[in-house]
$ cat query-v3.txt   # compact mmCIF, C-alpha atoms and all ligand atoms
# COMPACT_ATOMS: atom_id res chain seq x y z
CA MET A 13 -17.41 5.18 5.06
CA SER A 14 -14.34 7.12 3.91
CA VAL A 15 -10.78 5.93 4.21
CA LEU A 16 -7.97 8.40 4.87
CA VAL A 17 -4.54 7.93 3.27
CA VAL A 18 -1.38 9.92 3.85
CA GLY A 19 1.64 9.20 1.68
CA SER A 20 3.66 9.88 -1.44
CA VAL A 21 2.22 11.13 -4.71
CA ALA A 22 5.02 10.71 -7.19
CA LEU A 23 6.41 10.72 -10.66
CA ASP A 24 7.93 7.27 -11.15
CA SER A 25 10.37 5.97 -13.73
CA ILE A 26 10.22 2.21 -13.94
CA GLU A 27 12.31 -0.36 -15.81
CA THR A 28 11.24 -3.99 -16.01
CA PRO A 29 12.18 -6.80 -18.43
CA HIS A 30 8.97 -5.87 -20.28
CA GLY A 31 9.87 -2.26 -21.00
CA GLN A 32 10.04 1.03 -19.27
CA ALA A 33 7.84 3.94 -18.32
CA MET A 34 9.26 7.36 -17.51
CA ASP A 35 7.70 10.00 -15.25
CA VAL A 36 4.41 8.19 -14.86
CA VAL A 37 2.05 8.90 -11.98
CA GLY A 38 2.88 6.79 -8.93
CA GLY A 39 3.50 7.04 -5.23
CA SER A 40 2.13 4.93 -2.45
CA ALA A 41 -0.89 7.16 -1.77
CA THR A 42 -1.75 7.16 -5.48
CA HIS A 43 -1.66 3.37 -5.89
CA PHE A 44 -3.58 2.93 -2.64
CA SER A 45 -6.28 5.44 -3.64
CA MET A 46 -6.81 4.03 -7.13
CA ALA A 47 -7.53 0.61 -5.61
CA ALA A 48 -9.48 1.82 -2.58
CA ALA A 49 -11.80 4.02 -4.65
CA PHE A 50 -13.64 0.92 -5.92
CA PHE A 51 -15.11 0.43 -2.45
CA GLY A 52 -16.09 3.93 -1.35
CA GLY A 53 -14.79 7.38 -0.49
CA VAL A 54 -11.06 8.03 -0.21
CA ARG A 55 -9.51 11.13 1.36
CA LEU A 56 -5.95 11.78 0.23
CA VAL A 57 -3.37 13.88 2.11
CA GLY A 58 -0.15 14.45 0.17
CA VAL A 59 2.07 16.94 -1.59
CA VAL A 60 3.14 17.54 -5.19
CA GLY A 61 5.37 20.12 -6.84
CA GLN A 62 4.66 22.60 -9.61
CA ASP A 63 5.75 20.01 -12.20
CA PHE A 64 2.97 17.56 -11.37
CA PRO A 65 0.70 17.30 -14.43
CA GLU A 66 -2.89 18.36 -13.92
CA ARG A 67 -4.10 15.28 -15.83
CA HIS A 68 -2.88 13.04 -12.99
CA VAL A 69 -4.85 15.11 -10.49
CA ARG A 70 -7.91 14.75 -12.74
CA LEU A 71 -7.44 10.97 -12.97
CA LEU A 72 -7.63 10.66 -9.19
CA SER A 73 -10.56 13.01 -8.78
CA GLU A 74 -12.48 11.31 -11.60
CA ARG A 75 -12.10 8.10 -9.62
CA GLY A 76 -13.86 9.84 -6.74
CA VAL A 77 -10.74 10.42 -4.63
CA ASP A 78 -11.21 13.53 -2.48
CA LEU A 79 -8.08 15.64 -2.97
CA GLY A 80 -8.93 18.22 -0.30
CA GLY A 81 -5.68 17.29 1.48
CA LEU A 82 -3.36 17.37 -1.57
CA VAL A 83 -1.20 20.49 -1.53
CA ARG A 84 0.87 21.84 -4.39
CA GLN A 85 4.11 23.46 -3.30
CA ASP A 86 6.92 25.33 -5.01
CA GLY A 87 9.57 22.87 -6.16
CA ARG A 88 9.65 19.50 -7.83
CA SER A 89 7.49 16.49 -7.04
CA PHE A 90 8.78 13.37 -5.31
CA ARG A 91 10.48 11.18 -7.92
CA TRP A 92 11.44 7.54 -7.71
CA HIS A 93 13.34 5.51 -10.31
CA GLY A 94 13.46 1.73 -9.94
CA ARG A 95 14.68 -1.25 -11.93
CA TYR A 96 13.42 -4.81 -11.54
CA SER A 97 15.43 -8.04 -11.80
CA ALA A 98 14.74 -10.52 -14.60
CA ASP A 99 12.26 -12.52 -12.49
CA MET A 100 10.83 -9.27 -11.03
CA ASN A 101 11.09 -10.58 -7.48
CA SER A 102 13.56 -7.91 -6.51
CA ARG A 103 14.21 -4.34 -7.50
CA GLU A 104 16.90 -1.77 -7.05
CA THR A 105 16.27 1.89 -6.51
CA ILE A 106 18.25 3.81 -9.12
CA SER A 107 17.38 7.17 -7.59
CA VAL A 108 15.03 8.82 -5.14
CA GLU A 109 14.43 12.55 -5.14
CA LEU A 110 12.33 13.42 -2.11
CA ASN A 111 11.94 17.06 -3.25
CA VAL A 112 8.72 18.56 -1.79
CA PHE A 113 8.12 15.29 0.12
CA GLU A 114 11.26 15.83 2.21
CA ASP A 115 9.82 18.52 4.48
CA PHE A 116 6.24 17.42 4.10
CA GLN A 117 4.29 18.02 7.29
CA PRO A 118 0.89 16.55 6.56
CA GLN A 119 -2.08 18.52 7.76
CA VAL A 120 -5.26 16.48 8.00
CA PRO A 121 -8.18 18.82 7.17
CA ALA A 122 -10.27 19.48 10.30
CA ASP A 123 -13.37 17.74 8.94
CA TRP A 124 -11.35 14.61 8.05
CA ARG A 125 -9.98 14.03 11.55
CA ASP A 126 -12.89 11.78 12.44
CA SER A 127 -11.92 9.27 9.69
CA ARG A 128 -12.17 5.77 11.14
CA TYR A 129 -10.01 3.86 8.68
CA VAL A 130 -6.51 5.23 8.14
CA PHE A 131 -3.63 4.13 5.92
CA LEU A 132 -0.22 5.47 6.91
CA ALA A 133 1.46 4.79 3.59
CA ASN A 134 5.21 4.41 3.25
CA GLY A 135 6.90 7.43 4.80
CA SER A 136 8.96 8.55 7.76
CA PRO A 137 7.60 7.09 11.03
CA VAL A 138 7.96 10.54 12.62
CA THR A 139 5.63 11.97 9.98
CA GLN A 140 3.31 8.98 10.30
CA ALA A 141 3.10 9.57 14.07
CA SER A 142 2.27 13.24 13.49
CA VAL A 143 -0.71 12.14 11.40
CA LEU A 144 -1.95 9.83 14.14
CA ASP A 145 -1.67 12.70 16.63
CA GLN A 146 -4.17 14.63 14.51
CA MET A 147 -6.78 11.89 14.35
CA GLU A 148 -9.68 11.79 16.82
CA ALA A 149 -10.49 8.11 17.32
CA PRO A 150 -9.56 5.93 14.35
CA GLU A 151 -10.95 2.43 14.49
CA PHE A 152 -8.37 0.76 12.29
CA VAL A 153 -4.93 2.09 11.38
CA LEU A 154 -2.82 0.24 8.82
CA LEU A 155 0.88 1.06 8.55
CA ASP A 156 3.33 0.46 5.73
CA SER A 157 7.07 0.97 5.98
CA MET A 158 10.26 0.13 4.13
CA ASN A 159 13.99 -0.60 4.49
CA LEU A 160 14.94 3.06 4.43
CA TRP A 161 12.93 3.86 7.58
CA ILE A 162 13.75 0.60 9.35
CA GLU A 163 17.42 1.43 8.92
CA THR A 164 17.38 5.17 9.58
CA GLN A 165 14.48 5.71 12.02
CA ARG A 166 14.16 2.39 13.81
CA SER A 167 13.34 3.78 17.26
CA ALA A 168 10.59 6.08 15.91
CA LEU A 169 9.13 3.09 14.08
CA LEU A 170 9.25 0.91 17.22
CA GLU A 171 7.42 3.63 19.16
CA LEU A 172 4.74 3.80 16.49
CA LEU A 173 3.99 0.07 16.21
CA PRO A 174 1.91 -0.20 19.43
CA ARG A 175 -0.25 2.71 18.20
CA VAL A 176 -1.42 0.99 15.00
CA ASP A 177 -3.73 -1.95 14.42
CA ALA A 178 -2.02 -3.58 11.47
CA VAL A 179 1.34 -3.59 9.74
CA LEU A 180 2.17 -4.46 6.16
CA LEU A 181 5.75 -5.48 5.41
CA ASN A 182 7.44 -7.52 2.73
CA ASP A 183 9.56 -10.51 3.70
CA GLU A 184 12.84 -8.62 3.40
CA GLU A 185 11.58 -5.72 5.56
CA ALA A 186 10.28 -8.10 8.24
CA ARG A 187 13.67 -9.83 8.39
CA LEU A 188 15.44 -6.48 8.64
CA LEU A 189 13.15 -5.23 11.41
CA THR A 190 13.35 -8.37 13.53
CA GLU A 191 16.79 -9.70 12.56
CA GLU A 192 15.04 -13.04 12.22
CA ASP A 193 15.49 -15.09 9.03
CA ASN A 194 12.56 -17.42 9.52
CA LEU A 195 9.39 -15.66 8.35
CA VAL A 196 7.06 -17.33 10.84
CA ARG A 197 9.24 -16.22 13.72
CA ALA A 198 9.67 -12.78 12.12
CA GLY A 199 5.88 -12.35 11.81
CA ARG A 200 5.32 -13.39 15.41
CA GLU A 201 8.09 -11.05 16.53
CA VAL A 202 6.49 -8.07 14.73
CA LEU A 203 3.21 -8.99 16.40
CA SER A 204 4.90 -8.81 19.79
CA LEU A 205 5.97 -5.23 18.99
CA GLY A 206 2.39 -4.00 19.29
CA PRO A 207 0.01 -4.34 16.33
CA ARG A 208 -2.78 -6.93 16.49
CA LEU A 209 -2.41 -7.87 12.84
CA VAL A 210 0.74 -8.37 10.76
CA ILE A 211 0.68 -9.05 7.04
CA LEU A 212 3.90 -10.24 5.48
CA LYS A 213 3.90 -9.93 1.69
CA LYS A 214 5.87 -12.44 -0.32
CA GLY A 215 5.31 -11.08 -3.84
CA GLU A 216 4.17 -13.77 -6.27
CA HIS A 217 4.07 -16.21 -3.35
CA GLY A 218 1.22 -14.38 -1.63
CA ALA A 219 1.07 -13.31 2.00
CA LEU A 220 1.25 -14.64 5.56
CA VAL A 221 -1.27 -13.10 7.95
CA PHE A 222 -0.49 -13.12 11.67
CA GLY A 223 -2.96 -12.27 14.43
CA ARG A 224 -3.25 -12.97 18.13
CA ASP A 225 -5.19 -16.16 17.33
CA HIS A 226 -3.04 -17.00 14.32
CA GLU A 227 0.49 -16.88 15.56
CA LEU A 228 1.59 -19.49 13.04
CA GLY A 229 0.55 -17.21 10.19
CA VAL A 230 -2.33 -17.91 7.80
CA PRO A 231 -0.97 -18.42 4.28
CA VAL A 232 -2.91 -16.60 1.55
CA PRO A 233 -1.75 -17.41 -1.99
CA ALA A 234 -1.36 -14.76 -4.66
CA PHE A 235 -3.66 -14.92 -7.67
CA PRO A 236 -1.77 -17.05 -10.23
CA GLN A 237 -0.87 -14.29 -12.63
CA GLU A 238 0.55 -14.82 -16.12
CA GLU A 239 0.75 -11.15 -17.05
CA VAL A 240 3.29 -9.44 -14.82
CA ARG A 241 4.67 -6.33 -16.46
CA ASP A 242 5.33 -3.99 -13.51
CA PRO A 243 5.00 -4.87 -9.82
CA THR A 244 5.31 -1.24 -8.65
CA GLY A 245 2.53 -0.34 -6.26
CA ALA A 246 1.30 -3.91 -5.75
CA GLY A 247 1.67 -3.55 -1.98
CA ASP A 248 -0.26 -0.28 -1.93
CA SER A 249 -3.01 -1.71 -4.14
CA PHE A 250 -3.21 -4.63 -1.72
CA ALA A 251 -3.58 -2.16 1.16
CA GLY A 252 -6.27 -0.26 -0.78
CA GLY A 253 -8.36 -3.36 -1.40
CA LEU A 254 -7.93 -4.56 2.18
CA LEU A 255 -8.70 -1.36 4.07
CA ALA A 256 -11.40 0.07 1.81
CA SER A 257 -13.33 -3.20 1.66
CA MET A 258 -13.26 -3.29 5.48
CA ALA A 259 -14.51 0.30 5.58
CA ARG A 260 -17.30 -0.54 3.13
CA ARG A 261 -18.33 -3.43 5.36
CA GLY A 262 -17.99 -1.18 8.43
CA SER A 263 -16.22 -3.87 10.41
CA VAL A 264 -12.75 -4.68 11.73
CA ASP A 265 -13.52 -8.23 12.81
CA LEU A 266 -11.72 -11.34 11.56
CA ASP A 267 -14.23 -12.00 8.76
CA ALA A 268 -13.80 -8.45 7.47
CA ILE A 269 -10.02 -8.85 7.60
CA LYS A 270 -10.16 -12.19 5.73
CA GLN A 271 -12.41 -10.73 3.04
CA GLY A 272 -10.14 -7.70 2.92
CA VAL A 273 -7.03 -9.80 2.36
CA VAL A 274 -8.76 -11.46 -0.60
CA TYR A 275 -9.76 -8.10 -2.11
CA GLY A 276 -6.21 -6.87 -1.51
CA THR A 277 -4.83 -9.91 -3.33
CA ILE A 278 -7.15 -9.31 -6.29
CA LEU A 279 -6.37 -5.57 -6.60
CA ALA A 280 -2.64 -6.28 -6.42
CA SER A 281 -2.98 -8.90 -9.17
CA PHE A 282 -4.54 -6.33 -11.51
CA ASN A 283 -2.01 -3.66 -10.61
CA VAL A 284 0.95 -5.75 -11.83
CA GLU A 285 -0.54 -6.37 -15.28
CA ASP A 286 0.62 -3.05 -16.69
CA PHE A 287 2.92 -0.13 -15.87
CA GLY A 288 2.06 2.37 -13.16
CA VAL A 289 -1.68 2.76 -12.63
CA ASN A 290 -2.54 1.90 -16.26
CA ARG A 291 -4.39 -1.32 -15.54
CA VAL A 292 -6.23 -0.19 -12.42
CA SER A 293 -7.41 2.98 -14.15
CA ARG A 294 -9.28 0.91 -16.75
CA LEU A 295 -10.54 -1.71 -14.29
CA SER A 296 -14.19 -2.36 -13.46
CA MET A 297 -15.87 -3.71 -10.32
CA ASP A 298 -17.27 -6.57 -12.43
CA GLU A 299 -13.74 -7.66 -13.31
CA ILE A 300 -12.74 -7.48 -9.64
CA GLU A 301 -15.69 -9.63 -8.56
CA ASP A 302 -15.17 -12.09 -11.40
CA ARG A 303 -11.51 -12.61 -10.51
CA ARG A 304 -12.36 -12.84 -6.81
CA ARG A 305 -14.83 -15.66 -7.53
CA ARG A 306 -12.26 -17.52 -9.61
CA PHE A 307 -9.61 -17.02 -6.92
CA LEU A 308 -11.86 -18.32 -4.15
CA GLN A 309 -12.78 -21.37 -6.25
CA ALA A 310 -9.10 -22.10 -6.94
CA VAL A 311 -8.14 -21.74 -3.28
CA HIS A 312 -11.03 -23.97 -2.29
CA VAL A 313 -10.05 -26.66 -4.79
CA ALA A 314 -6.49 -26.47 -3.56
CA LEU A 315 -7.70 -27.30 -0.07
P1 LIG B 1 5.37 -0.57 -3.68
O1 LIG B 1 5.75 -1.18 -5.01
O2 LIG B 1 4.01 -0.99 -3.21
O3 LIG B 1 6.45 -0.72 -2.66
O4 LIG B 1 5.23 1.01 -3.92
C1 LIG B 1 5.96 1.69 -4.89
C2 LIG B 1 5.66 3.17 -4.80
O5 LIG B 1 6.30 3.70 -3.63
C3 LIG B 1 6.23 3.93 -5.98
O6 LIG B 1 5.14 4.45 -6.74
C4 LIG B 1 7.10 5.01 -5.39
O7 LIG B 1 6.80 6.29 -5.90
C5 LIG B 1 6.82 4.97 -3.90
N1 LIG B 1 8.04 5.12 -3.10
C6 LIG B 1 9.28 4.64 -3.35
N2 LIG B 1 10.15 5.00 -2.37
C7 LIG B 1 9.45 5.73 -1.47
C8 LIG B 1 9.77 6.40 -0.24
N3 LIG B 1 11.01 6.41 0.27
N4 LIG B 1 8.77 7.04 0.43
C9 LIG B 1 7.53 7.04 -0.06
N5 LIG B 1 7.15 6.45 -1.22
C10 LIG B 1 8.09 5.79 -1.93

$ encode --input "query-v3.txt" --output "structure tokens"
Amino acid sequence: MSVLVVGSVALDSIETPHGQAMDVVGGSATHFSMAAAFFGGVRLVGVVGQDFPERHVRLLSERGVDLGGLVRQDGRSFRWHGRYSADMNSRETISVELNVFEDFQPQVPADWRDSRYVFLANGSPVTQASVLDQMEAPEFVLLDSMNLWIETQRSALLELLPRVDAVLLNDEEARLLTEEDNLVRAGREVLSLGPRLVILKKGEHGALVFGRDHELGVPVPAFPQEEVRDPTGAGDSFAGGLLASMARRGSVDLDAIKQGVVYGTILASFNVEDFGVNRVSRLSMDEIEDRRRRFLQAVHVAL
């Protein structure tokens, strides 16, 4: 079953204590799609400029990502430049050029409007709502957001939350949205804003998953990773593993969500091993399953 993603397709410049990579392929829809493609069909809606190298388009389509919704417009592609702190737990945005992404009005192709699993990747909540308006009857909608939108389009975001099934935020974003320092209270507060599932990401410390029956938050550790070279896109890879594994299973029940959170954790752990999409583009399903087994054993032992 195909998953639909709408979001940024970018040229990223990234600086970490391990080096730098300039103008590499990135964007939330890209990182999501590269991870999700391991589990089944992915339909990507996005926009790039004339400067976007054809080899990046080929990389995605060779992975089986359907690019029937990717438009190329006059102008430059979305560009993001970020720099990570020494421990890589925080990053500063050096520059963002929205370029063709600024006036992007996503059009979901008519024959994709029946998609049942939808990822509204990081973007303006007004644009995200316009995507939902085009969908017929999605079964599970996952939403990502960030500081920029929480600060500048808070009311549009609050209107959107009751229309989605799940929300993915990092700890800092959850605190900003709820004005609540304690993460358990913040998670519960986001839950009360409408979605039935809230996933709070805590970087190398894993995630807290809140649902109606889990108002305390279920802690899910991150895979203990020694090789962290570039965390960019970890959240989107997590979303890709989560949503696409649920779509493959054809279920949105608690077991599918739990399995999805584990796949999300594993895909994110591979993503951070190298810059941009380098690691995920040479990843195999055997490696994913092997790491998943080791992760489940470690979690089990820890209990
Ligand atoms: P993550 O590390 O999961 O938060 O995702 C990083 C990706 O988000 C990068 O590849 C960026 O190109 C992309 N990105 C950064 N800022 C924005 C933004 N304002 N809107 C959409 N995508 C963004």

$ residues_near_ligand --input "query-v3.txt" --ligand "ligand LIG 1 (chain B)" --cutoff "6 Å" --atoms "all atoms listed in the file" --output "NGL selection string"
:A and (20 or 22 or 24 or 38-40 or 92 or 134-135 or 244-248)

$ residues_near_point --input "query-v3.txt" --point "(-0.7, -17.3, 8.3)" --cutoff "10 Å" --atoms "all atoms listed in the file" --output "ChimeraX atom specification"
/A:196,199,210-212,219-223,226-232

$ closest_residue --input "query-v3.txt" --among "A:Ser296, A:Ser45, A:Ser89, A:Gln309" --to "Gly253 (chain A)" --atoms "only C-alpha atoms"
A:Ser45

$ closest_atom_pairs --input "query-v3.txt" --of "region 195-242 of chain A" --to "region 29-36 of chain A" --cutoff "9 Å" --atoms "all atoms listed in the file" --output "tab-separated table"
residue	atom	partner	partner_atom	distance
A:Val240	CA	A:His30	CA	8.6
A:Arg241	CA	A:His30	CA	5.8
A:Asp242	CA	A:His30	CA	7.9

$ atom_distance --input "query-v3.txt" --atom1 "CA of Glu299 (chain A)" --atom2 "CA of Gly272 (chain A)"
16.6 Å

$ closest_residue --input "query-v3.txt" --among "A:Glu148, A:Glu74, A:Asp156, A:Glu66" --to "Gly252 (chain A)" --atoms "all atoms listed in the file"
A:Asp156

$ atom_distance --input "query-v3.txt" --atom1 "CA of Thr164 (chain A)" --atom2 "CA of Leu205 (chain A)"
18.1 Å

$ closest_residue --input "query-v3.txt" --among "A:Leu132, A:Val69, A:Val59, A:Val54" --to "Gln117 (chain A)" --atoms "all atoms listed in the file"
A:Val59

$ closest_atom_pairs --input "query-v3.txt" --of "region 128-165 of chain A" --to "region 258-270 of chain A" --cutoff "9 Å" --atoms "all atoms listed in the file" --output "Markdown table"
| residue | atom | partner | partner_atom | distance |
| --- | --- | --- | --- | --- |
| A:Arg128 | CA | A:Ala259 | CA | 8.1 |
| A:Tyr129 | CA | A:Ala259 | CA | 6.5 |
| A:Glu151 | CA | A:Val264 | CA | 7.8 |
| A:Phe152 | CA | A:Val264 | CA | 7.0 |

$ atom_distance --input "query-v3.txt" --atom1 "CA of Trp161 (chain A)" --atom2 "CA of Ser136 (chain A)"
6.1 Å

$ closest_residue --input "query-v3.txt" --among "A:Ser167, A:Thr190, A:Ser14, A:Ser257" --to "Val77 (chain A)" --atoms "all atoms listed in the file"
A:Ser14

$ axis_aligned_box --input "query-v3.txt" --around "region 146-152 of chain A" --padding-each-side "6 Å" --output "AutoDock Vina command-line options"
--center_x -7.6 --center_y 7.7 --center_z 14.8 --size_x 18.8 --size_y 25.9 --size_z 17.0

$ closest_residue --input "query-v3.txt" --among "A:Met158, A:Met297, A:Met13, A:Ala178" --to "Phe282 (chain A)" --atoms "only C-alpha atoms"
A:Met297

$ residues_around --input "query-v3.txt" --residues "Ser73 (chain A)" --least-positions-apart "5" --cutoff "12 Å" --atoms "all atoms listed in the file" --output "PyMOL selection string"
chain A and resi 42+45-46+49+53-56+66-68+78-80+82+293

$ closest_residue --input "query-v3.txt" --among "A:Phe113, A:Phe131, A:Phe90, A:Phe235" --to "Val284 (chain A)" --atoms "all atoms listed in the file"
A:Phe235

$ residues_around --input "query-v3.txt" --residues "Leu308 (chain A)" --least-positions-apart "6" --cutoff "12 Å" --atoms "only C-alpha atoms" --output "JSON, numbers by chain"
{"A": [232, 233, 234, 235, 236, 270, 271, 273, 274, 275, 277, 278, 301, 302, 314, 315]}

$ residues_around --input "query-v3.txt" --residues "Val179 (chain A)" --least-positions-apart "3" --cutoff "9 Å" --atoms "only C-alpha atoms" --output "VMD selection string"
chain A and resid 153 to 157 173 176 202 to 203 207 to 212

$ residues_near_point --input "query-v3.txt" --point "(7.6, 12.7, 8.9)" --cutoff "9 Å" --atoms "all atoms listed in the file" --output "number ranges by chain"
A: 114-118, 135-143

$ decode --input "query-v3.txt" --residues "region 148-157 of chain A" --atoms "all heavy atoms" --output "PDB file, in the first residue's frame"
ATOM      1  N   GLU A 148      -9.057  12.056  -0.091  1.00  0.00           N
ATOM      2  CA  GLU A 148     -10.423  11.537  -0.005  1.00  0.00           C
ATOM      3  C   GLU A 148     -10.762  11.025   1.393  1.00  0.00           C
ATOM      4  O   GLU A 148     -11.650  11.567   2.043  1.00  0.00           O
ATOM      5  CB  GLU A 148     -10.610  10.429  -1.046  1.00  0.00           C
ATOM      6  CG  GLU A 148     -10.814  11.021  -2.433  1.00  0.00           C
ATOM      7  CD  GLU A 148     -10.634  10.012  -3.553  1.00  0.00           C
ATOM      8  OE1 GLU A 148     -10.610   8.795  -3.281  1.00  0.00           O
ATOM      9  OE2 GLU A 148     -10.498  10.461  -4.708  1.00  0.00           O
ATOM     10  N   ALA A 149     -10.062   9.985   1.828  1.00  0.00           N
ATOM     11  CA  ALA A 149     -10.378   9.437   3.163  1.00  0.00           C
ATOM     12  C   ALA A 149      -9.130   8.771   3.742  1.00  0.00           C
ATOM     13  O   ALA A 149      -9.082   7.551   3.878  1.00  0.00           O
ATOM     14  CB  ALA A 149     -11.522   8.432   3.064  1.00  0.00           C
ATOM     15  N   PRO A 150      -8.113   9.565   4.087  1.00  0.00           N
ATOM     16  CA  PRO A 150      -6.891   8.938   4.599  1.00  0.00           C
ATOM     17  C   PRO A 150      -7.154   8.236   5.921  1.00  0.00           C
ATOM     18  O   PRO A 150      -7.962   8.696   6.730  1.00  0.00           O
ATOM     19  CB  PRO A 150      -5.933  10.124   4.771  1.00  0.00           C
ATOM     20  CG  PRO A 150      -6.795  11.324   4.855  1.00  0.00           C
ATOM     21  CD  PRO A 150      -8.045  11.033   4.089  1.00  0.00           C
ATOM     22  N   GLU A 151      -6.464   7.100   6.095  1.00  0.00           N
ATOM     23  CA  GLU A 151      -6.690   6.324   7.309  1.00  0.00           C
ATOM     24  C   GLU A 151      -5.763   6.777   8.435  1.00  0.00           C
ATOM     25  O   GLU A 151      -6.108   6.714   9.613  1.00  0.00           O
ATOM     26  CB  GLU A 151      -6.400   4.863   6.983  1.00  0.00           C
ATOM     27  CG  GLU A 151      -7.158   3.897   7.818  1.00  0.00           C
ATOM     28  CD  GLU A 151      -6.972   2.490   7.285  1.00  0.00           C
ATOM     29  OE1 GLU A 151      -6.945   2.317   6.041  1.00  0.00           O
ATOM     30  OE2 GLU A 151      -6.837   1.586   8.112  1.00  0.00           O
ATOM     31  N   PHE A 152      -4.572   7.236   8.042  1.00  0.00           N
ATOM     32  CA  PHE A 152      -3.606   7.636   9.068  1.00  0.00           C
ATOM     33  C   PHE A 152      -2.756   8.781   8.532  1.00  0.00           C
ATOM     34  O   PHE A 152      -2.034   8.637   7.551  1.00  0.00           O
ATOM     35  CB  PHE A 152      -2.717   6.449   9.442  1.00  0.00           C
ATOM     36  CG  PHE A 152      -1.987   6.640  10.742  1.00  0.00           C
ATOM     37  CD1 PHE A 152      -2.572   6.306  11.958  1.00  0.00           C
ATOM     38  CD2 PHE A 152      -0.697   7.169  10.762  1.00  0.00           C
ATOM     39  CE1 PHE A 152      -1.895   6.484  13.161  1.00  0.00           C
ATOM     40  CE2 PHE A 152      -0.013   7.344  11.960  1.00  0.00           C
ATOM     41  CZ  PHE A 152      -0.625   6.994  13.163  1.00  0.00           C
ATOM     42  N   VAL A 153      -2.881   9.937   9.189  1.00  0.00           N
ATOM     43  CA  VAL A 153      -2.127  11.125   8.776  1.00  0.00           C
ATOM     44  C   VAL A 153      -1.133  11.475   9.876  1.00  0.00           C
ATOM     45  O   VAL A 153      -1.509  11.668  11.029  1.00  0.00           O
ATOM     46  CB  VAL A 153      -3.064  12.328   8.520  1.00  0.00           C
ATOM     47  CG1 VAL A 153      -2.261  13.562   8.113  1.00  0.00           C
ATOM     48  CG2 VAL A 153      -4.107  11.991   7.465  1.00  0.00           C
ATOM     49  N   LEU A 154       0.138  11.543   9.492  1.00  0.00           N
ATOM     50  CA  LEU A 154       1.210  11.884  10.429  1.00  0.00           C
ATOM     51  C   LEU A 154       1.726  13.279  10.081  1.00  0.00           C
ATOM     52  O   LEU A 154       1.971  13.574   8.906  1.00  0.00           O
ATOM     53  CB  LEU A 154       2.332  10.843  10.278  1.00  0.00           C
ATOM     54  CG  LEU A 154       3.624  11.037  11.070  1.00  0.00           C
ATOM     55  CD1 LEU A 154       3.364  10.969  12.576  1.00  0.00           C
ATOM     56  CD2 LEU A 154       4.653   9.950  10.686  1.00  0.00           C
ATOM     57  N   LEU A 155       1.862  14.117  11.096  1.00  0.00           N
ATOM     58  CA  LEU A 155       2.254  15.506  10.875  1.00  0.00           C
ATOM     59  C   LEU A 155       3.587  15.813  11.563  1.00  0.00           C
ATOM     60  O   LEU A 155       3.803  15.425  12.701  1.00  0.00           O
ATOM     61  CB  LEU A 155       1.170  16.420  11.464  1.00  0.00           C
ATOM     62  CG  LEU A 155       1.502  17.909  11.494  1.00  0.00           C
ATOM     63  CD1 LEU A 155       0.694  18.640  10.435  1.00  0.00           C
ATOM     64  CD2 LEU A 155       1.208  18.523  12.843  1.00  0.00           C
ATOM     65  N   ASP A 156       4.440  16.530  10.838  1.00  0.00           N
ATOM     66  CA  ASP A 156       5.682  17.026  11.445  1.00  0.00           C
ATOM     67  C   ASP A 156       5.631  18.547  11.399  1.00  0.00           C
ATOM     68  O   ASP A 156       4.989  19.128  10.522  1.00  0.00           O
ATOM     69  CB  ASP A 156       6.876  16.502  10.629  1.00  0.00           C
ATOM     70  CG  ASP A 156       8.209  16.786  11.316  1.00  0.00           C
ATOM     71  OD1 ASP A 156       8.216  17.115  12.513  1.00  0.00           O
ATOM     72  OD2 ASP A 156       9.250  16.666  10.647  1.00  0.00           O
ATOM     73  N   SER A 157       6.276  19.187  12.359  1.00  0.00           N
ATOM     74  CA  SER A 157       6.313  20.649  12.322  1.00  0.00           C
ATOM     75  C   SER A 157       7.635  21.117  12.905  1.00  0.00           C
ATOM     76  O   SER A 157       8.512  20.305  13.203  1.00  0.00           O
ATOM     77  CB  SER A 157       5.130  21.230  13.095  1.00  0.00           C
ATOM     78  OG  SER A 157       4.989  22.593  12.758  1.00  0.00           O
TER      79      SER A 157
END
